[in-house]
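Structure file model-v3.txt (compact mmCIF, C-alpha atoms and all ligand atoms) follows.
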```
# COMPACT_ATOMS: atom_id res chain seq x y z
CA MET D 269 -80.16 -30.62 12.37
CA ASN D 270 -76.36 -30.32 12.43
CA VAL D 271 -74.81 -30.62 8.98
CA GLY D 272 -71.27 -31.28 7.76
CA ILE D 273 -69.91 -30.10 4.42
CA ILE D 274 -66.87 -31.79 2.90
CA GLY D 275 -64.55 -29.60 0.83
CA SER D 276 -62.72 -26.29 0.93
CA GLY D 277 -63.58 -24.39 -2.24
CA GLY D 278 -65.98 -21.75 -3.47
CA ARG D 279 -68.55 -24.44 -4.19
CA GLU D 280 -68.53 -25.52 -0.55
CA HIS D 281 -68.72 -21.93 0.73
CA ALA D 282 -71.77 -21.36 -1.49
CA ILE D 283 -73.41 -24.56 -0.17
CA CYS D 284 -72.58 -23.47 3.38
CA PHE D 285 -74.08 -20.02 2.75
CA MET D 286 -77.33 -21.51 1.41
CA LEU D 287 -77.64 -24.03 4.26
CA ASN D 288 -77.01 -21.28 6.78
CA LYS D 289 -80.27 -19.64 5.57
CA SER D 290 -82.31 -22.78 6.29
CA LYS D 291 -84.48 -23.01 9.40
CA LYS D 292 -83.90 -26.76 9.31
CA VAL D 293 -80.15 -26.32 9.94
CA SER D 294 -78.78 -25.74 13.46
CA LYS D 295 -75.01 -25.84 13.20
CA ILE D 296 -72.72 -26.31 10.19
CA TYR D 297 -69.30 -27.98 10.24
CA CYS D 298 -66.88 -27.77 7.29
CA PHE D 299 -64.22 -30.40 6.62
CA PRO D 300 -61.96 -28.39 6.31
CA GLY D 301 -63.66 -25.29 4.81
CA ASN D 302 -61.91 -21.96 4.24
CA ALA D 303 -61.81 -18.44 5.74
CA GLY D 304 -65.28 -17.73 4.30
CA THR D 305 -66.95 -20.78 5.80
CA SER D 306 -65.29 -20.04 9.16
CA LEU D 307 -67.50 -16.93 9.43
CA ILE D 308 -70.72 -18.98 9.42
CA ALA D 309 -69.63 -22.51 10.30
CA GLN D 310 -67.08 -24.41 12.32
CA ASN D 311 -64.08 -25.48 10.28
CA VAL D 312 -62.66 -28.86 11.27
CA ILE D 313 -59.18 -30.04 10.35
CA LEU D 314 -59.57 -33.73 9.68
CA ASP D 315 -58.80 -35.95 6.68
CA PRO D 316 -62.21 -36.35 4.98
CA ASP D 317 -60.92 -39.44 3.19
CA ASN D 318 -60.50 -41.13 6.58
CA PHE D 319 -64.17 -42.14 6.83
CA SER D 320 -63.90 -43.77 10.27
CA GLU D 321 -62.41 -40.63 11.81
CA LEU D 322 -65.06 -38.53 10.10
CA GLU D 323 -67.80 -40.82 11.40
CA LYS D 324 -66.44 -40.57 14.94
CA TYR D 325 -66.45 -36.78 14.75
CA CYS D 326 -70.01 -36.75 13.38
CA VAL D 327 -71.29 -38.99 16.16
CA GLU D 328 -69.57 -36.89 18.84
CA ASN D 329 -71.00 -33.66 17.43
CA ASP D 330 -74.46 -34.94 16.54
CA ILE D 331 -73.98 -34.30 12.79
CA LYS D 332 -76.87 -36.04 11.05
CA MET D 333 -76.19 -35.11 7.43
CA LEU D 334 -73.03 -34.87 5.33
CA VAL D 335 -72.91 -33.00 2.02
CA VAL D 336 -70.00 -33.99 -0.19
CA GLY D 337 -68.62 -31.19 -2.39
CA PRO D 338 -65.76 -32.78 -4.36
CA GLU D 339 -65.66 -36.07 -6.26
CA LYS D 340 -62.79 -37.85 -4.50
CA PRO D 341 -64.56 -38.99 -1.30
CA LEU D 342 -67.52 -40.10 -3.45
CA VAL D 343 -65.36 -42.15 -5.80
CA ASN D 344 -63.63 -43.59 -2.71
CA GLY D 345 -66.98 -44.79 -1.35
CA ILE D 346 -67.97 -42.39 1.44
CA VAL D 347 -71.66 -43.12 0.80
CA ASN D 348 -71.11 -46.88 1.14
CA HIS D 349 -69.20 -46.35 4.39
CA PHE D 350 -72.16 -44.55 6.01
CA LYS D 351 -74.87 -46.84 4.58
CA GLY D 352 -77.20 -48.17 7.28
CA LYS D 353 -75.84 -45.72 9.85
CA SER D 354 -77.76 -42.81 11.35
CA ILE D 355 -75.88 -40.19 9.32
CA ARG D 356 -77.33 -39.38 5.91
CA VAL D 357 -74.83 -38.63 3.15
CA PHE D 358 -75.91 -36.52 0.20
CA GLY D 359 -74.01 -37.92 -2.77
CA PRO D 360 -73.91 -40.92 -5.10
CA ASP D 361 -72.57 -44.30 -3.94
CA LYS D 362 -69.36 -45.89 -5.18
CA ILE D 363 -70.80 -47.61 -8.26
CA SER D 364 -72.68 -44.46 -9.34
CA SER D 365 -69.57 -42.33 -8.79
CA LYS D 366 -67.78 -44.32 -11.47
CA LEU D 367 -69.60 -42.00 -13.87
CA GLU D 368 -66.85 -39.54 -12.97
CA GLY D 369 -64.25 -41.94 -11.59
CA SER D 370 -63.91 -43.89 -14.85
CA LYS D 371 -64.40 -42.26 -18.24
CA ILE D 372 -64.35 -45.73 -19.81
CA PHE D 373 -67.20 -46.91 -17.54
CA THR D 374 -69.26 -43.94 -18.78
CA LYS D 375 -68.41 -44.59 -22.44
CA LYS D 376 -69.52 -48.20 -22.03
CA ILE D 377 -72.86 -47.00 -20.66
CA CYS D 378 -73.16 -44.65 -23.64
CA GLN D 379 -72.56 -47.58 -25.96
CA LYS D 380 -75.03 -49.84 -24.17
CA LYS D 381 -77.79 -47.21 -23.99
CA ASP D 382 -77.13 -45.47 -27.30
CA ILE D 383 -76.36 -42.15 -25.61
CA PRO D 384 -75.04 -39.47 -28.00
CA THR D 385 -71.32 -38.93 -27.39
CA SER D 386 -68.13 -38.72 -29.48
CA LYS D 387 -66.91 -41.86 -31.26
CA PHE D 388 -64.24 -43.56 -29.21
CA LYS D 389 -61.80 -46.41 -28.87
CA ILE D 390 -60.50 -48.00 -25.69
CA CYS D 391 -56.82 -48.93 -26.11
CA LYS D 392 -55.07 -51.39 -23.83
CA SER D 393 -51.42 -50.59 -24.64
CA LEU D 394 -49.24 -47.86 -26.08
CA SER D 395 -48.59 -49.86 -29.24
CA GLU D 396 -52.31 -50.43 -29.83
CA THR D 397 -52.92 -46.67 -29.31
CA VAL D 398 -50.15 -45.67 -31.72
CA GLU D 399 -51.46 -48.08 -34.40
CA TYR D 400 -54.96 -46.65 -34.02
CA LEU D 401 -53.71 -43.04 -34.14
CA LYS D 402 -51.81 -43.67 -37.39
CA ASP D 403 -55.12 -43.95 -39.26
CA SER D 404 -56.91 -41.19 -37.31
CA GLU D 405 -57.89 -37.72 -38.40
CA PHE D 406 -56.82 -34.86 -36.12
CA PRO D 407 -57.62 -33.18 -33.78
CA MET D 408 -58.20 -36.15 -31.52
CA VAL D 409 -58.78 -36.29 -27.78
CA ILE D 410 -56.77 -38.58 -25.49
CA LYS D 411 -58.05 -39.18 -21.96
CA ALA D 412 -56.76 -40.91 -18.86
CA ASP D 413 -59.49 -43.18 -17.49
CA GLY D 414 -59.50 -42.20 -13.80
CA LEU D 415 -59.61 -39.01 -11.74
CA ALA D 416 -56.86 -36.60 -12.77
CA SER D 417 -57.87 -33.25 -11.20
CA GLY D 418 -58.95 -31.95 -14.60
CA LYS D 419 -55.55 -32.61 -16.18
CA GLY D 420 -56.10 -36.00 -17.81
CA VAL D 421 -57.66 -34.69 -21.02
CA TYR D 422 -55.41 -33.86 -24.00
CA ILE D 423 -56.73 -32.20 -27.14
CA CYS D 424 -54.14 -33.25 -29.72
CA LYS D 425 -53.64 -31.38 -32.98
CA ASN D 426 -51.47 -34.04 -34.61
CA PHE D 427 -50.09 -37.56 -34.32
CA ASN D 428 -47.00 -36.46 -32.39
CA GLU D 429 -48.96 -34.67 -29.66
CA ALA D 430 -51.27 -37.66 -29.35
CA LYS D 431 -48.35 -40.06 -29.04
CA ILE D 432 -46.74 -37.95 -26.28
CA ALA D 433 -50.06 -37.75 -24.41
CA SER D 434 -50.55 -41.52 -24.63
CA GLU D 435 -46.99 -42.12 -23.41
CA GLU D 436 -47.52 -39.81 -20.43
CA ILE D 437 -50.71 -41.60 -19.44
CA PHE D 438 -49.33 -45.13 -19.87
CA ASN D 439 -46.16 -44.08 -18.00
CA GLY D 440 -48.33 -43.38 -14.97
CA LYS D 441 -48.67 -39.59 -14.90
CA PHE D 442 -52.18 -40.03 -13.43
CA GLY D 443 -51.59 -43.31 -11.62
CA SER D 444 -51.16 -46.75 -13.14
CA ALA D 445 -53.01 -46.99 -16.46
CA GLU D 446 -54.05 -50.25 -18.08
CA GLN D 447 -56.18 -48.61 -20.73
CA ILE D 448 -56.86 -45.20 -22.19
CA LEU D 449 -59.61 -43.53 -24.11
CA VAL D 450 -59.09 -42.13 -27.59
CA GLU D 451 -61.93 -39.91 -28.73
CA GLU D 452 -63.11 -38.04 -31.78
CA PHE D 453 -62.94 -34.25 -31.28
CA LEU D 454 -66.38 -32.66 -31.02
CA ASP D 455 -66.84 -29.21 -32.49
CA GLY D 456 -69.56 -27.06 -30.93
CA GLU D 457 -70.33 -25.00 -27.85
CA GLU D 458 -70.11 -26.36 -24.32
CA MET D 459 -72.83 -26.23 -21.71
CA SER D 460 -73.01 -27.49 -18.14
CA TYR D 461 -76.44 -28.88 -17.24
CA PHE D 462 -77.28 -29.95 -13.68
CA VAL D 463 -79.87 -32.17 -12.09
CA VAL D 464 -80.43 -33.38 -8.57
CA THR D 465 -81.69 -36.93 -8.05
CA ASP D 466 -82.96 -39.21 -5.29
CA GLY D 467 -82.18 -42.33 -7.31
CA LYS D 468 -85.69 -42.58 -8.74
CA ASN D 469 -86.59 -39.07 -9.87
CA PHE D 470 -84.47 -36.19 -11.00
CA LYS D 471 -85.07 -32.45 -11.19
CA PHE D 472 -83.43 -29.58 -13.04
CA PHE D 473 -80.76 -27.80 -10.99
CA GLY D 474 -79.56 -25.07 -13.33
CA SER D 475 -77.47 -24.58 -16.43
CA ALA D 476 -74.30 -22.59 -16.95
CA GLN D 477 -71.27 -21.96 -19.08
CA ASP D 478 -67.86 -22.15 -17.43
CA HIS D 479 -64.81 -20.26 -18.74
CA LYS D 480 -61.92 -22.66 -18.20
CA ARG D 481 -59.13 -20.99 -20.13
CA VAL D 482 -56.95 -18.50 -18.32
CA GLY D 483 -57.05 -15.79 -21.00
CA GLU D 484 -59.78 -13.51 -22.33
CA GLY D 485 -61.56 -14.82 -25.42
CA ASP D 486 -60.95 -18.39 -24.13
CA THR D 487 -57.23 -18.49 -24.82
CA GLY D 488 -54.25 -19.98 -22.97
CA LYS D 489 -54.00 -22.74 -20.41
CA ASN D 490 -56.86 -24.64 -18.83
CA THR D 491 -57.70 -23.70 -15.24
CA GLY D 492 -60.20 -24.92 -12.70
CA GLY D 493 -62.58 -22.22 -13.99
CA MET D 494 -62.11 -18.45 -14.27
CA GLY D 495 -65.77 -17.56 -14.15
CA CYS D 496 -69.20 -18.55 -15.22
CA TYR D 497 -72.56 -17.29 -16.41
CA SER D 498 -75.98 -18.84 -15.83
CA PRO D 499 -78.34 -19.77 -17.42
CA SER D 500 -76.58 -21.02 -20.55
CA ARG D 501 -77.60 -19.17 -23.71
CA LEU D 502 -77.95 -22.53 -25.47
CA LEU D 503 -80.74 -23.97 -23.34
CA ASN D 504 -84.29 -24.19 -24.71
CA ASP D 505 -87.20 -26.60 -24.12
CA HIS D 506 -86.44 -28.69 -27.19
CA LEU D 507 -82.77 -29.16 -26.28
CA GLU D 508 -83.63 -29.81 -22.64
CA SER D 509 -86.06 -32.55 -23.54
CA LYS D 510 -83.33 -34.26 -25.63
CA ILE D 511 -80.82 -33.98 -22.78
CA LYS D 512 -83.27 -35.65 -20.42
CA THR D 513 -84.51 -38.45 -22.66
CA LYS D 514 -81.35 -39.25 -24.62
CA ILE D 515 -78.73 -38.76 -21.89
CA ILE D 516 -79.92 -38.49 -18.28
CA GLU D 517 -82.76 -41.04 -18.16
CA PRO D 518 -80.80 -43.87 -19.85
CA THR D 519 -77.78 -43.15 -17.65
CA LEU D 520 -79.74 -43.28 -14.39
CA ASN D 521 -81.49 -46.45 -15.65
CA ALA D 522 -78.09 -48.01 -16.31
CA ILE D 523 -76.89 -47.05 -12.82
CA ASN D 524 -79.99 -48.71 -11.33
CA GLU D 525 -79.34 -51.83 -13.41
CA TYR D 526 -75.80 -51.96 -12.00
CA GLY D 527 -77.28 -51.79 -8.47
CA GLY D 528 -76.13 -48.22 -7.84
CA ASP D 529 -77.89 -45.73 -5.59
CA TYR D 530 -77.56 -42.19 -6.90
CA LYS D 531 -78.66 -39.50 -4.45
CA GLY D 532 -76.98 -36.24 -5.28
CA PHE D 533 -76.10 -33.73 -7.95
CA LEU D 534 -75.30 -34.89 -11.46
CA TYR D 535 -73.26 -32.57 -13.65
CA VAL D 536 -73.81 -33.23 -17.34
CA GLY D 537 -70.97 -31.75 -19.42
CA LEU D 538 -72.27 -31.31 -22.95
CA MET D 539 -71.14 -30.21 -26.37
CA ILE D 540 -74.02 -28.73 -28.33
CA LYS D 541 -73.66 -29.10 -32.07
CA ASP D 542 -76.39 -28.00 -34.49
CA GLY D 543 -78.93 -28.07 -31.65
CA GLU D 544 -78.02 -31.66 -30.67
CA PRO D 545 -76.53 -32.55 -27.26
CA PHE D 546 -73.45 -34.77 -27.06
CA LEU D 547 -72.17 -36.00 -23.73
CA ILE D 548 -68.55 -34.99 -23.04
CA GLU D 549 -68.40 -36.12 -19.44
CA PHE D 550 -70.32 -36.62 -16.24
CA ASN D 551 -69.29 -35.27 -12.87
CA VAL D 552 -70.97 -36.67 -9.79
CA ARG D 553 -71.07 -33.33 -7.95
CA MET D 554 -71.85 -29.69 -8.60
CA GLY D 555 -69.45 -27.74 -10.79
CA ASP D 556 -67.07 -25.15 -9.46
CA PRO D 557 -67.63 -22.21 -10.23
CA GLU D 558 -71.06 -23.22 -11.62
CA CYS D 559 -72.35 -23.95 -8.11
CA GLN D 560 -71.46 -20.47 -6.83
CA THR D 561 -73.16 -18.97 -9.90
CA ILE D 562 -76.38 -21.01 -9.74
CA LEU D 563 -77.09 -21.32 -5.99
CA PRO D 564 -77.84 -17.60 -5.40
CA THR D 565 -80.77 -17.98 -7.84
CA LEU D 566 -82.28 -20.91 -5.87
CA ASN D 567 -85.49 -19.96 -4.05
CA THR D 568 -86.18 -23.37 -2.47
CA ASP D 569 -84.59 -24.28 0.87
CA LEU D 570 -81.44 -26.23 -0.09
CA MET D 571 -81.68 -28.34 3.07
CA GLU D 572 -85.17 -29.51 2.07
CA ILE D 573 -83.78 -30.59 -1.30
CA LEU D 574 -80.94 -32.55 0.33
CA ILE D 575 -83.29 -34.26 2.78
CA SER D 576 -85.81 -35.20 0.10
CA CYS D 577 -83.03 -36.72 -2.03
CA CYS D 578 -81.69 -38.77 0.87
CA ASP D 579 -85.23 -39.89 1.78
CA GLY D 580 -86.28 -40.68 -1.81
CA THR D 581 -89.13 -38.14 -1.81
CA LEU D 582 -87.85 -35.69 -4.40
CA ASN D 583 -91.01 -36.13 -6.51
CA GLN D 584 -93.00 -34.39 -3.73
CA LEU D 585 -90.81 -31.28 -3.76
CA LYS D 586 -91.02 -28.32 -6.13
CA ILE D 587 -87.65 -26.70 -6.80
CA ASN D 588 -87.85 -23.03 -7.69
CA PHE D 589 -85.20 -20.82 -9.19
CA SER D 590 -85.59 -17.09 -9.72
CA LYS D 591 -85.52 -15.83 -13.29
CA SER D 592 -82.38 -13.82 -12.51
CA LYS D 593 -79.24 -14.06 -14.53
CA SER D 594 -76.02 -14.65 -12.66
CA ILE D 595 -72.32 -14.10 -13.26
CA CYS D 596 -69.36 -15.24 -11.18
CA VAL D 597 -65.91 -13.75 -11.70
CA VAL D 598 -63.02 -15.62 -10.09
CA LEU D 599 -60.18 -13.64 -8.54
CA CYS D 600 -56.95 -15.65 -8.88
CA SER D 601 -53.43 -15.37 -7.49
CA LYS D 602 -51.01 -13.79 -9.99
CA GLY D 603 -49.18 -16.59 -11.81
CA TYR D 604 -52.01 -19.15 -11.60
CA PRO D 605 -52.42 -21.74 -13.19
CA GLU D 606 -48.64 -21.93 -13.15
CA LYS D 607 -46.42 -20.83 -10.27
CA PHE D 608 -47.97 -18.53 -7.71
CA GLU D 609 -47.35 -17.45 -4.14
CA LYS D 610 -49.56 -18.33 -1.20
CA LYS D 611 -50.16 -16.69 2.18
CA ILE D 612 -50.51 -13.20 0.73
CA LYS D 613 -52.64 -10.99 2.93
CA ILE D 614 -56.04 -9.93 1.53
CA LYS D 615 -56.50 -6.59 3.20
CA ASP D 616 -59.97 -5.07 3.74
CA LEU D 617 -61.85 -8.20 2.62
CA GLU D 618 -63.94 -8.26 5.79
CA GLU D 619 -64.93 -4.60 5.27
CA LEU D 620 -66.26 -5.29 1.75
CA LYS D 621 -70.04 -5.54 2.13
CA PRO D 622 -71.89 -6.99 -0.87
CA LEU D 623 -75.43 -5.76 -1.64
CA GLU D 624 -78.44 -8.09 -1.42
CA ASN D 625 -77.95 -9.41 -4.99
CA GLN D 626 -74.18 -9.75 -4.59
CA TYR D 627 -72.10 -12.51 -3.03
CA ILE D 628 -68.47 -13.11 -2.18
CA PHE D 629 -67.61 -16.79 -1.88
CA HIS D 630 -64.18 -17.75 -0.65
CA ALA D 631 -62.14 -20.49 -2.33
CA GLY D 632 -58.37 -20.52 -1.60
CA THR D 633 -58.41 -18.44 1.57
CA LEU D 634 -57.23 -19.05 5.11
CA LYS D 635 -57.97 -17.22 8.32
CA THR D 636 -54.83 -16.49 10.36
CA LYS D 637 -54.23 -14.39 13.46
CA ASN D 638 -53.00 -11.63 11.13
CA GLY D 639 -56.17 -11.66 9.04
CA ILE D 640 -57.28 -13.48 5.89
CA VAL D 641 -54.55 -14.68 3.49
CA SER D 642 -54.58 -16.43 0.12
CA ASN D 643 -54.21 -20.20 0.19
CA GLY D 644 -54.57 -21.29 -3.45
CA GLY D 645 -54.70 -20.32 -7.11
CA ARG D 646 -58.37 -19.47 -7.26
CA VAL D 647 -58.93 -17.27 -4.25
CA LEU D 648 -62.33 -15.53 -4.26
CA ASN D 649 -65.55 -15.73 -6.27
CA PHE D 650 -67.54 -12.55 -6.88
CA VAL D 651 -71.12 -13.21 -7.90
CA SER D 652 -73.87 -10.84 -8.90
CA THR D 653 -77.45 -11.64 -9.94
CA SER D 654 -79.79 -9.33 -11.84
CA ASP D 655 -82.05 -9.16 -14.91
CA ASP D 656 -79.12 -8.29 -17.17
CA PHE D 657 -75.82 -10.10 -17.76
CA LEU D 658 -73.85 -6.90 -18.35
CA LYS D 659 -75.08 -5.48 -15.04
CA CYS D 660 -74.06 -8.73 -13.31
CA ARG D 661 -70.56 -8.55 -14.74
CA VAL D 662 -70.07 -4.84 -13.99
CA GLU D 663 -71.19 -5.36 -10.37
CA ALA D 664 -68.95 -8.41 -9.85
CA ILE D 665 -65.94 -6.56 -11.27
CA ASN D 666 -66.72 -3.44 -9.23
CA MET D 667 -66.48 -5.51 -6.05
CA ILE D 668 -63.07 -6.78 -7.19
CA LYS D 669 -61.92 -3.24 -7.95
CA LYS D 670 -63.07 -2.08 -4.54
CA LEU D 671 -61.08 -4.85 -2.87
CA ASN D 672 -58.03 -3.87 -4.95
CA TRP D 673 -55.97 -6.92 -3.96
CA LYS D 674 -52.52 -6.35 -5.46
CA ASN D 675 -51.71 -10.04 -5.86
CA GLY D 676 -54.93 -10.81 -7.76
CA TYR D 677 -56.01 -10.96 -11.39
CA PHE D 678 -59.24 -11.94 -13.14
CA ARG D 679 -60.79 -12.36 -16.57
CA GLY D 680 -62.74 -9.23 -17.45
CA ASP D 681 -64.77 -10.89 -20.20
CA ILE D 682 -66.80 -13.52 -18.31
CA GLY D 683 -70.09 -14.02 -20.15
CA TYR D 684 -68.77 -12.49 -23.40
CA LYS D 685 -70.98 -14.79 -25.45
CA VAL D 686 -74.10 -13.28 -23.87
CA ILE D 687 -72.82 -9.72 -23.51
CA LYS D 688 -72.33 -7.84 -26.74
CA ILE D 689 -70.59 -4.51 -26.24
P1 LIG Y 701 -62.11 -31.62 -17.90
O1 LIG Y 701 -63.38 -30.99 -17.40
O2 LIG Y 701 -60.89 -31.10 -17.25
O3 LIG Y 701 -62.20 -33.09 -18.03
O4 LIG Y 701 -61.88 -31.01 -19.35
C1 LIG Y 701 -62.45 -31.57 -20.37
C2 LIG Y 701 -62.53 -30.52 -21.40
O5 LIG Y 701 -61.91 -31.01 -22.58
C3 LIG Y 701 -63.98 -30.24 -21.76
O6 LIG Y 701 -64.50 -29.21 -20.99
C4 LIG Y 701 -63.88 -29.91 -23.23
O7 LIG Y 701 -63.56 -28.55 -23.40
C5 LIG Y 701 -62.69 -30.70 -23.70
N1 LIG Y 701 -63.11 -31.97 -24.34
C6 LIG Y 701 -63.20 -33.18 -23.75
N2 LIG Y 701 -63.61 -34.12 -24.63
C7 LIG Y 701 -63.77 -33.50 -25.81
C8 LIG Y 701 -64.17 -33.93 -27.11
N3 LIG Y 701 -64.45 -35.21 -27.40
N4 LIG Y 701 -64.24 -32.99 -28.09
C9 LIG Y 701 -63.92 -31.70 -27.83
N5 LIG Y 701 -63.53 -31.24 -26.63
C10 LIG Y 701 -63.45 -32.12 -25.63
N1 LIG Y 702 -66.40 -26.24 -13.73
C1 LIG Y 702 -65.83 -27.48 -14.04
C2 LIG Y 702 -65.85 -28.48 -12.98
O1 LIG Y 702 -66.36 -28.24 -11.90
O2 LIG Y 702 -65.37 -29.58 -13.21
```

Render the structure in this file as structure tokens.
Ligand code: AMP
Ligand code: GLY
Amino acid sequence: MNVGIIGSGGREHAICFMLNKSKKVSKIYCFPGNAGTSLIAQNVILDPDNFSELEKYCVENDIKMLVVGPEKPLVNGIVNHFKGKSIRVFGPDKISSKLEGSKIFTKKICQKKDIPTSKFKICKSLSETVEYLKDSEFPMVIKADGLASGKGVYICKNFNEAKIASEEIFNGKFGSAEQILVEEFLDGEEMSYFVVTDGKNFKFFGSAQDHKRVGEGDTGKNTGGMGCYSPSRLLNDHLESKIKTKIIEPTLNAINEYGGDYKGFLYVGLMIKDGEPFLIEFNVRMGDPECQTILPTLNTDLMEILISCCDGTLNQLKINFSKSKSICVVLCSKGYPEKFEKKIKIKDLEELKPLENQYIFHAGTLKTKNGIVSNGGRVLNFVSTSDDFLKCRVEAINMIKKLNWKNGYFRGDIGYKVIKI
């Protein structure tokens, strides 16, 4: 079967790599992909938010399945567009995607289904927010309701910071805002927990801990993710059972009650406090760089998983992961997450040959007639799997050192919570 992957990051390269191993897959197209995907798939320049154009291309090229990497096309209703047509789309429909597209929608589900999450208030104006904040204890968290490319969350240490954040949101920094979310700050340790679902059943799809801050020891600005380790050190059977029964099952039940059809990955962003899981947020897709970290440990054919989700037969499939540990270190452009240059040549990348347990996934890269150049802030993902986290990290960093890209930098401490040296 011909398959199309929507997206251009490391997550999509990892998905492309796994699908390329499947006997069920003939040809892969990436919309638009990156230099890495171009080595194993056909990159197609086309606006993936223009669903009619995408459909036309799929029909012409006999693409029978689309896998959606990022949230935007899902929130915009790509699944609904293709419903009833001969092209399967792996991803949740528009109603289900509100779990990521509207933080207030999710909080209302939490309230209705008694799902553990931080206490919150929905405010409908700046004056209402300011009044509420006057009696609040800090830190507090202020959130824009809709998609904000990871920038709509403000952790505020005092009233002033919270007021400025609320003003920015109501003034339209993330699009027109009629209401905002004010949340209690949760203290604890974060964990990303993933499942895959066919709308009726769901199955475990890995756990991980992202490192979002730019600096070692989790300091400095937030980024799209500087690296990741998997599995999370926090996960155990007891905690997992609580995550499933208190958070995932009631959420998927609520989505069914709303008439949604959720076929896809569900990313459960959690704060773990005294062994109890609290929902921070849902994403309706795999995480990035969690996906790159987890997928190399998957033993089951990814294409079989996607098909069984689309066909509603996930309960008949056993999903196997190896017991390996995995670490991903992200190589970024100097200056990221602030100002950085693009189109800097990455010499010798094609000569770098990872071993069997090592992977190089491209993110912000572009193939030009003069070779591969950088095309974003997060450029390459170096992943290593083994029975030991330290070994994983050393191997990932050794690949980066071998490449010796002068415009790059990375965090050398990925996995520091599980590596004591
Ligand atoms: P994002 O993934 O960009 O939405 O970032 C959200 C991040 O903000 C999470 O990963 C947490 O680190 C933090 N965060 C969000 N809500 C809370 C909360 N209620 N308490 C503490 N930290 C939070
Ligand atoms: N790793 C965080 C995210 O994908 O949103």

Smallest atom-to-atom distance to Ile575 of chain D: which of D:Gly632, D:Gly676, D:Gly532, D:Gly420, using all atoms listed in the file?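 Of the candidates, the smallest distance to Ile575 of chain D is held by D:Gly532.
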
Provide an axis-aligned box for all listed atoms of ligand LIG 702 (chain Y), padding each side by 6 Å; report its centre and its edge lengths in Å to one decimal, as JSON.
```
{"center_x": -65.9, "center_y": -27.9, "center_z": -13.0, "size_x": 13.0, "size_y": 15.3, "size_z": 14.1}
```

Counting only C-alpha atoms, figure out which residue out of D:Val598, D:Ser652, D:Met571, D:Tyr497 gets nearest to Cys284 of chain D.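 Among the listed residues, the smallest separation from Cys284 of chain D belongs to D:Met571.
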
Pick out the closest residue to Ser601 of chain D from this set: D:Asn625, D:Asn675, D:Asn270, D:Ser404. Count only C-alpha atoms. D:Asn675

Show which residues sit within 8 Å of Asp681 of chain D, as a PyMOL selection string. Count all atoms listed in the file, and ignore same-chain residues fewer than 2 positions away. chain D and resi 484-485+679+683-684

Interatomic distance, atom CA of Thr305 of chain D to atom CA of Thr633 of chain D (Å, one decimal):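 Separation of atom CA of Thr305 of chain D and atom CA of Thr633 of chain D: 9.8 Å.
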
Restrict the calculation to only C-alpha atoms, then for each residue of segment 528-579 of chain D with any atom at most 8 Å from an atom of segment 501-507 of chain D give the closest atom pair and their distance in Å to one decimal, rows by chain and rising residue number, as CSV.
```
residue,atom,partner,partner_atom,distance
D:Ile540,CA,D:Leu502,CA,7.9
D:Gly543,CA,D:Leu507,CA,6.7
D:Glu544,CA,D:Leu507,CA,6.9
D:Pro545,CA,D:Leu507,CA,7.2
```

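Atom to atom, atom CA of Ile377 of chain D and atom CA of Ile523 of chain D stand 8.8 Å apart.
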
Could you list, as an NGL selection string, every residue within 12 Å of Glu405 of chain D, counting all atoms listed in the file and ignoring same-chain residues fewer than 2 positions away? :D and (400-403 or 407-409 or 424-427 or 430 or 450-453)

For chain D versus ligand LIG 702 (chain Y), which residues have an atom no more than 6 Å away, and what is each residue's nearest atom pair and distance in Å rounded to one decimal, using all atoms listed in the file, chain-then-number order, as a tab-separated table?
```
residue	atom	partner	partner_atom	distance
D:Asp478	CA	Y:LIG702	N1	5.7
D:Gly493	CA	Y:LIG702	N1	5.6
D:Gly555	CA	Y:LIG702	O1	3.3
D:Asp556	CA	Y:LIG702	O1	4.0
D:Pro557	CA	Y:LIG702	N1	5.5
D:Glu558	CA	Y:LIG702	N1	5.9
```

Would you save the residues from that selection as a PDB file, in the frame of the given file, using C-alpha atoms?
```pdb
ATOM      1  CA  ASP D 478     -67.860 -22.150 -17.430  1.00  0.00           C
ATOM      2  CA  GLY D 493     -62.580 -22.220 -13.990  1.00  0.00           C
ATOM      3  CA  GLY D 555     -69.450 -27.740 -10.790  1.00  0.00           C
ATOM      4  CA  ASP D 556     -67.070 -25.150  -9.460  1.00  0.00           C
ATOM      5  CA  PRO D 557     -67.630 -22.210 -10.230  1.00  0.00           C
ATOM      6  CA  GLU D 558     -71.060 -23.220 -11.620  1.00  0.00           C
TER       7      GLU D 558
END
```
